[in-house]
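Text of the file model.cif, holding mmCIF, C-alpha atoms:
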```cif
data_structure
loop_
_atom_site.group_PDB
_atom_site.id
_atom_site.type_symbol
_atom_site.label_atom_id
_atom_site.label_comp_id
_atom_site.auth_asym_id
_atom_site.auth_seq_id
_atom_site.Cartn_x
_atom_site.Cartn_y
_atom_site.Cartn_z
ATOM 1 C CA MET A 9 26.961 13.112 -3.062
ATOM 2 C CA THR A 10 24.999 10.127 -1.763
ATOM 3 C CA HIS A 11 24.183 9.086 1.764
ATOM 4 C CA VAL A 12 23.372 5.948 3.668
ATOM 5 C CA LEU A 13 19.618 5.862 4.107
ATOM 6 C CA GLY A 14 19.233 7.300 7.590
ATOM 7 C CA LEU A 15 16.410 9.629 8.500
ATOM 8 C CA VAL A 16 17.167 13.111 9.752
ATOM 9 C CA THR A 17 13.711 13.071 11.319
ATOM 10 C CA SER A 18 12.345 9.648 12.190
ATOM 11 C CA PRO A 19 9.058 8.632 10.556
ATOM 12 C CA ASP A 20 5.760 8.238 12.378
ATOM 13 C CA PHE A 21 6.149 4.487 12.752
ATOM 14 C CA VAL A 22 9.259 4.561 14.952
ATOM 15 C CA LEU A 23 9.417 1.402 17.054
ATOM 16 C CA THR A 24 11.396 0.483 20.148
ATOM 17 C CA ALA A 25 14.972 -0.424 19.247
ATOM 18 C CA ILE A 26 16.780 -3.504 20.540
ATOM 19 C CA VAL A 27 20.491 -4.252 20.455
ATOM 20 C CA VAL A 28 22.026 -6.288 17.612
ATOM 21 C CA PRO A 29 25.602 -6.613 16.359
ATOM 22 C CA GLU A 30 26.751 -3.676 14.229
ATOM 23 C CA THR A 31 28.151 -6.110 11.647
ATOM 24 C CA PHE A 32 24.799 -6.091 9.906
ATOM 25 C CA LEU A 33 24.776 -2.339 9.360
ATOM 26 C CA THR A 34 27.817 -2.268 7.089
ATOM 27 C CA ALA A 35 27.071 -3.947 3.778
ATOM 28 C CA ALA A 36 30.717 -3.778 2.673
ATOM 29 C CA GLN A 37 32.010 -5.667 5.694
ATOM 30 C CA PRO A 38 33.111 -9.244 4.912
ATOM 31 C CA GLN A 39 30.479 -11.786 5.909
ATOM 32 C CA ILE A 40 31.375 -15.257 7.220
ATOM 33 C CA LEU A 41 28.417 -17.313 6.129
ATOM 34 C CA ILE A 42 27.414 -20.593 7.665
ATOM 35 C CA ASP A 43 26.746 -23.704 5.624
ATOM 36 C CA ASP A 44 23.003 -23.617 6.263
ATOM 37 C CA SER A 45 22.610 -19.836 5.939
ATOM 38 C CA LEU A 46 19.009 -18.692 5.595
ATOM 39 C CA ALA A 47 19.938 -15.588 3.569
ATOM 40 C CA GLY A 48 17.428 -15.269 0.751
ATOM 41 C CA GLN A 49 14.728 -17.182 2.642
ATOM 42 C CA LEU A 50 11.471 -15.833 4.030
ATOM 43 C CA LEU A 51 10.725 -16.255 7.718
ATOM 44 C CA ILE A 52 7.021 -16.736 8.377
ATOM 45 C CA ALA A 53 5.831 -16.007 11.885
ATOM 46 C CA SER A 54 4.102 -18.865 13.626
ATOM 47 C CA PRO A 55 0.365 -18.266 14.138
ATOM 48 C CA THR A 56 1.049 -18.603 17.857
ATOM 49 C CA ILE A 57 3.942 -16.136 18.069
ATOM 50 C CA ARG A 58 3.701 -14.095 21.269
ATOM 51 C CA ASP A 59 5.735 -11.030 20.281
ATOM 52 C CA PRO A 60 3.198 -8.411 19.049
ATOM 53 C CA ARG A 61 5.896 -6.738 16.942
ATOM 54 C CA PHE A 62 6.023 -9.814 14.729
ATOM 55 C CA ASP A 63 2.392 -10.889 14.708
ATOM 56 C CA HIS A 64 1.823 -12.418 11.239
ATOM 57 C CA ALA A 65 5.128 -10.971 10.042
ATOM 58 C CA VAL A 66 6.992 -12.216 6.982
ATOM 59 C CA ILE A 67 10.698 -11.383 7.025
ATOM 60 C CA LEU A 68 13.227 -11.520 4.210
ATOM 61 C CA VAL A 69 16.499 -12.809 5.671
ATOM 62 C CA VAL A 70 19.268 -10.568 4.336
ATOM 63 C CA ARG A 71 22.207 -11.907 6.333
ATOM 64 C CA HIS A 72 22.694 -15.027 8.452
ATOM 65 C CA ASN A 73 26.152 -15.863 9.714
ATOM 66 C CA HIS A 74 28.053 -16.812 12.847
ATOM 67 C CA ASP A 75 27.382 -13.397 14.378
ATOM 68 C CA GLY A 76 23.601 -13.706 14.074
ATOM 69 C CA ALA A 77 21.004 -12.698 11.524
ATOM 70 C CA MET A 78 19.342 -9.662 9.993
ATOM 71 C CA GLY A 79 16.070 -9.433 8.100
ATOM 72 C CA ILE A 80 13.557 -6.961 6.728
ATOM 73 C CA VAL A 81 9.822 -7.303 7.402
ATOM 74 C CA VAL A 82 8.155 -7.070 3.981
ATOM 75 C CA ASN A 83 4.451 -7.219 4.789
ATOM 76 C CA MET A 84 3.842 -4.281 7.131
ATOM 77 C CA PRO A 85 3.083 -1.158 5.057
ATOM 78 C CA THR A 86 2.741 2.093 6.961
ATOM 79 C CA ASP A 87 2.032 5.174 4.878
ATOM 80 C CA GLU A 88 2.676 6.533 1.404
ATOM 81 C CA ARG A 89 4.761 9.678 0.964
ATOM 82 C CA PRO A 90 6.190 11.788 -1.867
ATOM 83 C CA LEU A 91 9.602 10.489 -2.897
ATOM 84 C CA ALA A 92 11.025 14.025 -2.761
ATOM 85 C CA ASN A 93 9.939 14.228 0.878
ATOM 86 C CA ILE A 94 11.722 10.974 1.705
ATOM 87 C CA LEU A 95 14.910 12.255 0.090
ATOM 88 C CA GLU A 96 14.693 15.405 2.170
ATOM 89 C CA MET A 97 14.233 13.283 5.286
ATOM 90 C CA VAL A 98 17.468 11.386 4.562
ATOM 91 C CA GLY A 99 19.389 14.633 4.116
ATOM 92 C CA GLU A 100 19.177 15.149 0.339
ATOM 93 C CA LYS A 101 18.374 18.653 -0.937
ATOM 94 C CA ASP A 102 17.365 20.205 -4.260
ATOM 95 C CA THR A 103 15.564 17.071 -5.375
ATOM 96 C CA ASN A 104 13.513 17.168 -8.559
ATOM 97 C CA VAL A 105 12.045 13.692 -8.377
ATOM 98 C CA THR A 106 8.313 13.084 -8.592
ATOM 99 C CA GLY A 107 5.963 10.337 -7.503
ATOM 100 C CA LYS A 108 5.134 8.652 -4.234
ATOM 101 C CA VAL A 109 6.544 5.632 -2.464
ATOM 102 C CA GLN A 110 4.960 3.170 -0.062
ATOM 103 C CA LEU A 111 6.855 2.868 3.208
ATOM 104 C CA PHE A 112 7.168 -0.320 5.238
ATOM 105 C CA ALA A 113 8.057 -0.960 8.880
ATOM 106 C CA GLY A 114 11.072 -3.186 8.337
ATOM 107 C CA GLY A 115 11.543 -4.124 11.978
ATOM 108 C CA PRO A 116 12.056 -2.757 15.486
ATOM 109 C CA VAL A 117 15.828 -2.211 15.273
ATOM 110 C CA GLN A 118 17.090 1.284 14.313
ATOM 111 C CA PRO A 119 13.896 2.511 12.588
ATOM 112 C CA GLU A 120 15.752 5.589 11.376
ATOM 113 C CA LEU A 121 17.719 3.448 8.878
ATOM 114 C CA GLY A 122 16.233 2.839 5.435
ATOM 115 C CA PHE A 123 16.665 -0.212 3.219
ATOM 116 C CA VAL A 124 15.475 -0.729 -0.346
ATOM 117 C CA ILE A 125 14.733 -4.346 -1.193
ATOM 118 C CA HIS A 126 14.691 -4.642 -4.962
ATOM 119 C CA SER A 127 14.822 -6.883 -7.992
ATOM 120 C CA SER A 128 18.035 -7.673 -9.844
ATOM 121 C CA GLY A 129 19.136 -5.580 -12.805
ATOM 122 C CA TYR A 130 20.097 -2.602 -10.652
ATOM 123 C CA ARG A 131 23.282 -2.134 -8.670
ATOM 124 C CA GLY A 132 24.652 0.975 -7.009
ATOM 125 C CA PRO A 133 26.604 2.091 -3.935
ATOM 126 C CA GLY A 134 25.684 -0.023 -0.933
ATOM 127 C CA THR A 135 24.037 -2.830 -2.932
ATOM 128 C CA ILE A 136 24.381 -6.375 -1.614
ATOM 129 C CA ASP A 137 23.035 -9.639 -2.979
ATOM 130 C CA VAL A 138 20.388 -11.331 -0.873
ATOM 131 C CA ASN A 139 20.064 -14.072 -3.480
ATOM 132 C CA GLU A 140 20.400 -14.192 -7.256
ATOM 133 C CA ARG A 141 17.092 -12.361 -7.844
ATOM 134 C CA VAL A 142 16.656 -10.156 -4.777
ATOM 135 C CA LEU A 143 19.095 -7.427 -3.704
ATOM 136 C CA MET A 144 19.234 -4.761 -1.007
ATOM 137 C CA THR A 145 20.581 -1.207 -1.211
ATOM 138 C CA SER A 146 20.924 1.276 1.646
ATOM 139 C CA ASN A 147 22.041 4.429 -0.144
ATOM 140 C CA SER A 148 20.057 7.504 -1.131
ATOM 141 C CA ARG A 149 21.141 7.287 -4.772
ATOM 142 C CA ILE A 150 18.695 4.458 -5.388
ATOM 143 C CA LEU A 151 15.800 6.726 -4.384
ATOM 144 C CA ARG A 152 16.972 9.349 -6.860
ATOM 145 C CA ASP A 153 17.273 6.687 -9.540
ATOM 146 C CA ILE A 154 13.780 5.381 -8.802
ATOM 147 C CA GLY A 155 12.412 8.919 -9.035
ATOM 148 C CA ASN A 156 14.176 9.407 -12.390
ATOM 149 C CA ASN A 157 13.019 6.031 -13.786
ATOM 150 C CA LYS A 158 16.548 4.634 -13.613
ATOM 151 C CA GLY A 159 16.032 2.384 -10.616
ATOM 152 C CA PRO A 160 15.156 -1.298 -10.288
ATOM 153 C CA GLN A 161 12.012 -2.647 -11.913
ATOM 154 C CA LYS A 162 10.569 -3.653 -8.543
ATOM 155 C CA SER A 163 11.399 -2.256 -5.123
ATOM 156 C CA LEU A 164 10.241 -1.946 -1.524
ATOM 157 C CA LEU A 165 11.392 0.777 0.903
ATOM 158 C CA ALA A 166 11.523 -0.198 4.579
ATOM 159 C CA PHE A 167 12.792 1.578 7.683
ATOM 160 C CA GLY A 168 14.220 -0.481 10.512
ATOM 161 C CA TYR A 169 15.112 -4.153 10.558
ATOM 162 C CA ALA A 170 14.836 -7.305 12.637
ATOM 163 C CA GLY A 171 17.985 -8.643 14.261
ATOM 164 C CA TRP A 172 19.073 -11.785 16.081
ATOM 165 C CA ALA A 173 22.193 -12.422 18.144
ATOM 166 C CA ALA A 174 24.441 -15.389 17.428
ATOM 167 C CA HIS A 175 22.443 -18.640 17.321
ATOM 168 C CA GLN A 176 19.246 -16.869 18.439
ATOM 169 C CA LEU A 177 17.396 -17.363 15.170
ATOM 170 C CA ASP A 178 18.521 -20.989 14.971
ATOM 171 C CA ASP A 179 17.063 -21.576 18.435
ATOM 172 C CA GLU A 180 13.778 -19.879 17.493
ATOM 173 C CA LEU A 181 13.533 -22.070 14.396
ATOM 174 C CA ARG A 182 14.008 -25.181 16.510
ATOM 175 C CA ARG A 183 11.182 -23.970 18.757
ATOM 176 C CA ARG A 184 9.035 -23.384 15.657
ATOM 177 C CA VAL A 185 8.642 -19.665 16.279
ATOM 178 C CA TRP A 186 9.313 -19.237 12.556
ATOM 179 C CA PHE A 187 8.801 -21.272 9.429
ATOM 180 C CA THR A 188 10.773 -20.789 6.221
ATOM 181 C CA THR A 189 10.176 -20.763 2.486
ATOM 182 C CA PRO A 190 12.411 -19.615 -0.387
ATOM 183 C CA ALA A 191 12.036 -15.932 -1.252
ATOM 184 C CA ASP A 192 10.092 -15.383 -4.454
ATOM 185 C CA VAL A 193 10.275 -12.100 -6.374
ATOM 186 C CA ASN A 194 6.600 -12.085 -7.288
ATOM 187 C CA LEU A 195 5.561 -12.840 -3.718
ATOM 188 C CA ILE A 196 7.823 -10.173 -2.217
ATOM 189 C CA PHE A 197 6.895 -7.355 -4.559
ATOM 190 C CA ASP A 198 3.480 -8.152 -6.038
ATOM 191 C CA GLU A 199 1.442 -9.998 -3.428
ATOM 192 C CA ASN A 200 -1.404 -8.159 -1.701
ATOM 193 C CA ARG A 201 0.027 -7.265 1.714
ATOM 194 C CA GLU A 202 -3.216 -8.166 3.486
ATOM 195 C CA LYS A 203 -2.892 -11.690 2.095
ATOM 196 C CA PHE A 204 0.890 -11.920 2.251
ATOM 197 C CA TRP A 205 1.203 -13.956 5.445
ATOM 198 C CA GLU A 206 -1.490 -16.405 4.328
ATOM 199 C CA SER A 207 0.148 -16.832 0.903
ATOM 200 C CA ALA A 208 3.602 -17.361 2.414
ATOM 201 C CA TYR A 209 2.272 -19.774 5.035
ATOM 202 C CA ALA A 210 0.450 -21.791 2.372
ATOM 203 C CA ARG A 211 3.615 -21.883 0.259
ATOM 204 C CA ARG A 212 5.559 -23.089 3.279
ATOM 205 C CA ALA A 213 3.070 -25.949 3.701
ATOM 206 C CA ARG A 214 3.559 -26.942 0.057
ATOM 207 C CA ASP A 215 7.335 -27.013 0.584
ATOM 208 C CA LEU A 216 7.061 -29.613 3.346
#
```

Can you dump the structure from the file as structure tokens?
Amino acid sequence: MTHVLGLVTSPDFVLTAIVVPETFLTAAQPQILIDDSLAGQLLIASPTIRDPRFDHAVILVVRHNHDGAMGIVVNMPTDERPLANILEMVGEKDTNVTGKVQLFAGGPVQPELGFVIHSSGYRGPGTIDVNERVLMTSNSRILRDIGNNKGPQKSLLAFGYAGWAAHQLDDELRRRVWFTTPADVNLIFDENREKFWESAYARRARDL
């Protein structure tokens, strides 16, 4: 039996939740995309952003439609924990997996929910396509598969997400709260997190 990645006991980095539409919590729900959807793009926080929760944040946009937007912060690591412990936290028992996994603070909304951002080549229950090379899965089976060397080649485990109401992100982009650049697999999974914002911001400048 597999479960949606939701913590039984919230991790140490629990943040204050804000309200977003529930449409983004159900991967199987039909999505009405907009012509200029930012899904698969990286949002790069402006150097002058005033919200301390997103200071120098880089966010992978997972969904962007008429209801709003959802993204996962990919450059805010928290702590490293045994994978078996994480599985226990999401309600799995009798796990035999080994190894540790780096956790990330994915955003201030519902920090008890877990999301695995990963490379293509793996698909399981709850997997959705972010773009052709980056996918997202929110199901405990992927953690078991990673622990048994059957998971994706590259992955990132985050708890919580960032959410925007309808047209909110579009307005913030117009006010230059965020900049954008196409998501790159090597940048998302391999870049030094301490240099991630600088690398993404420099890439954004090259895209202009």

Nearest to Leu111 (chain A) by atom-to-atom distance, counting all atoms listed in the file, from A:Pro55, A:Gly48, A:Pro85, A:Gly171:
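Of A:Pro55, A:Gly48, A:Pro85, A:Gly171, the one nearest Leu111 (chain A) is A:Pro85, counting all atoms listed in the file.
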
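In terms of minimum interatomic distance to Ser127 (chain A), A:Leu143 ranks closest within A:Leu143, A:Val81, A:Leu91, A:Val185, counting all atoms listed in the file.
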
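CA of Asp198 (chain A) lies 19.5 Å from CA of Gly155 (chain A).
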
Expressed in Å to a single decimal, how great is the separation between CA of Tyr209 (chain A) and CA of Asn83 (chain A)?
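So the answer is 12.7 Å.
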
Report the residues retrieved by the PyMOL selection byres ((chain A and resi 181) around 12) from the displayed file, expressed as an MDAnalysis selection string.
chainID A and resid 46 51:54 57 172 175:180 182:188

Selected residues written out with C-alpha atoms, as a tab-separated table (two decimals), keeping the file's coordinate frame:
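Done, and the output landed in again.tsv:
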```tsv
chain	number	residue	atom	x	y	z
A	46	LEU	CA	19.01	-18.69	5.60
A	51	LEU	CA	10.72	-16.26	7.72
A	52	ILE	CA	7.02	-16.74	8.38
A	53	ALA	CA	5.83	-16.01	11.88
A	54	SER	CA	4.10	-18.86	13.63
A	57	ILE	CA	3.94	-16.14	18.07
A	172	TRP	CA	19.07	-11.78	16.08
A	175	HIS	CA	22.44	-18.64	17.32
A	176	GLN	CA	19.25	-16.87	18.44
A	177	LEU	CA	17.40	-17.36	15.17
A	178	ASP	CA	18.52	-20.99	14.97
A	179	ASP	CA	17.06	-21.58	18.43
A	180	GLU	CA	13.78	-19.88	17.49
A	182	ARG	CA	14.01	-25.18	16.51
A	183	ARG	CA	11.18	-23.97	18.76
A	184	ARG	CA	9.04	-23.38	15.66
A	185	VAL	CA	8.64	-19.66	16.28
A	186	TRP	CA	9.31	-19.24	12.56
A	187	PHE	CA	8.80	-21.27	9.43
A	188	THR	CA	10.77	-20.79	6.22
```

Could you check how far CA of Asn139 (chain A) sits from CA of Asp75 (chain A), in Å to one decimal?
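Spanning CA of Asn139 (chain A) to CA of Asp75 (chain A) is a straight-line distance of 19.3 Å.
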
Write out as a ChimeraX atom specification each polymer residue whose atoms come within 7 Å of Phe197 (chain A), counting only C-alpha atoms; drop sequence neighbours fewer than 3 positions from it.
/A:162-163,193-194

Tyr130 (chain A) proximity check over A:Gly168, A:Gly99, A:Gly159, A:Pro90, using only C-alpha atoms: winner is A:Gly159
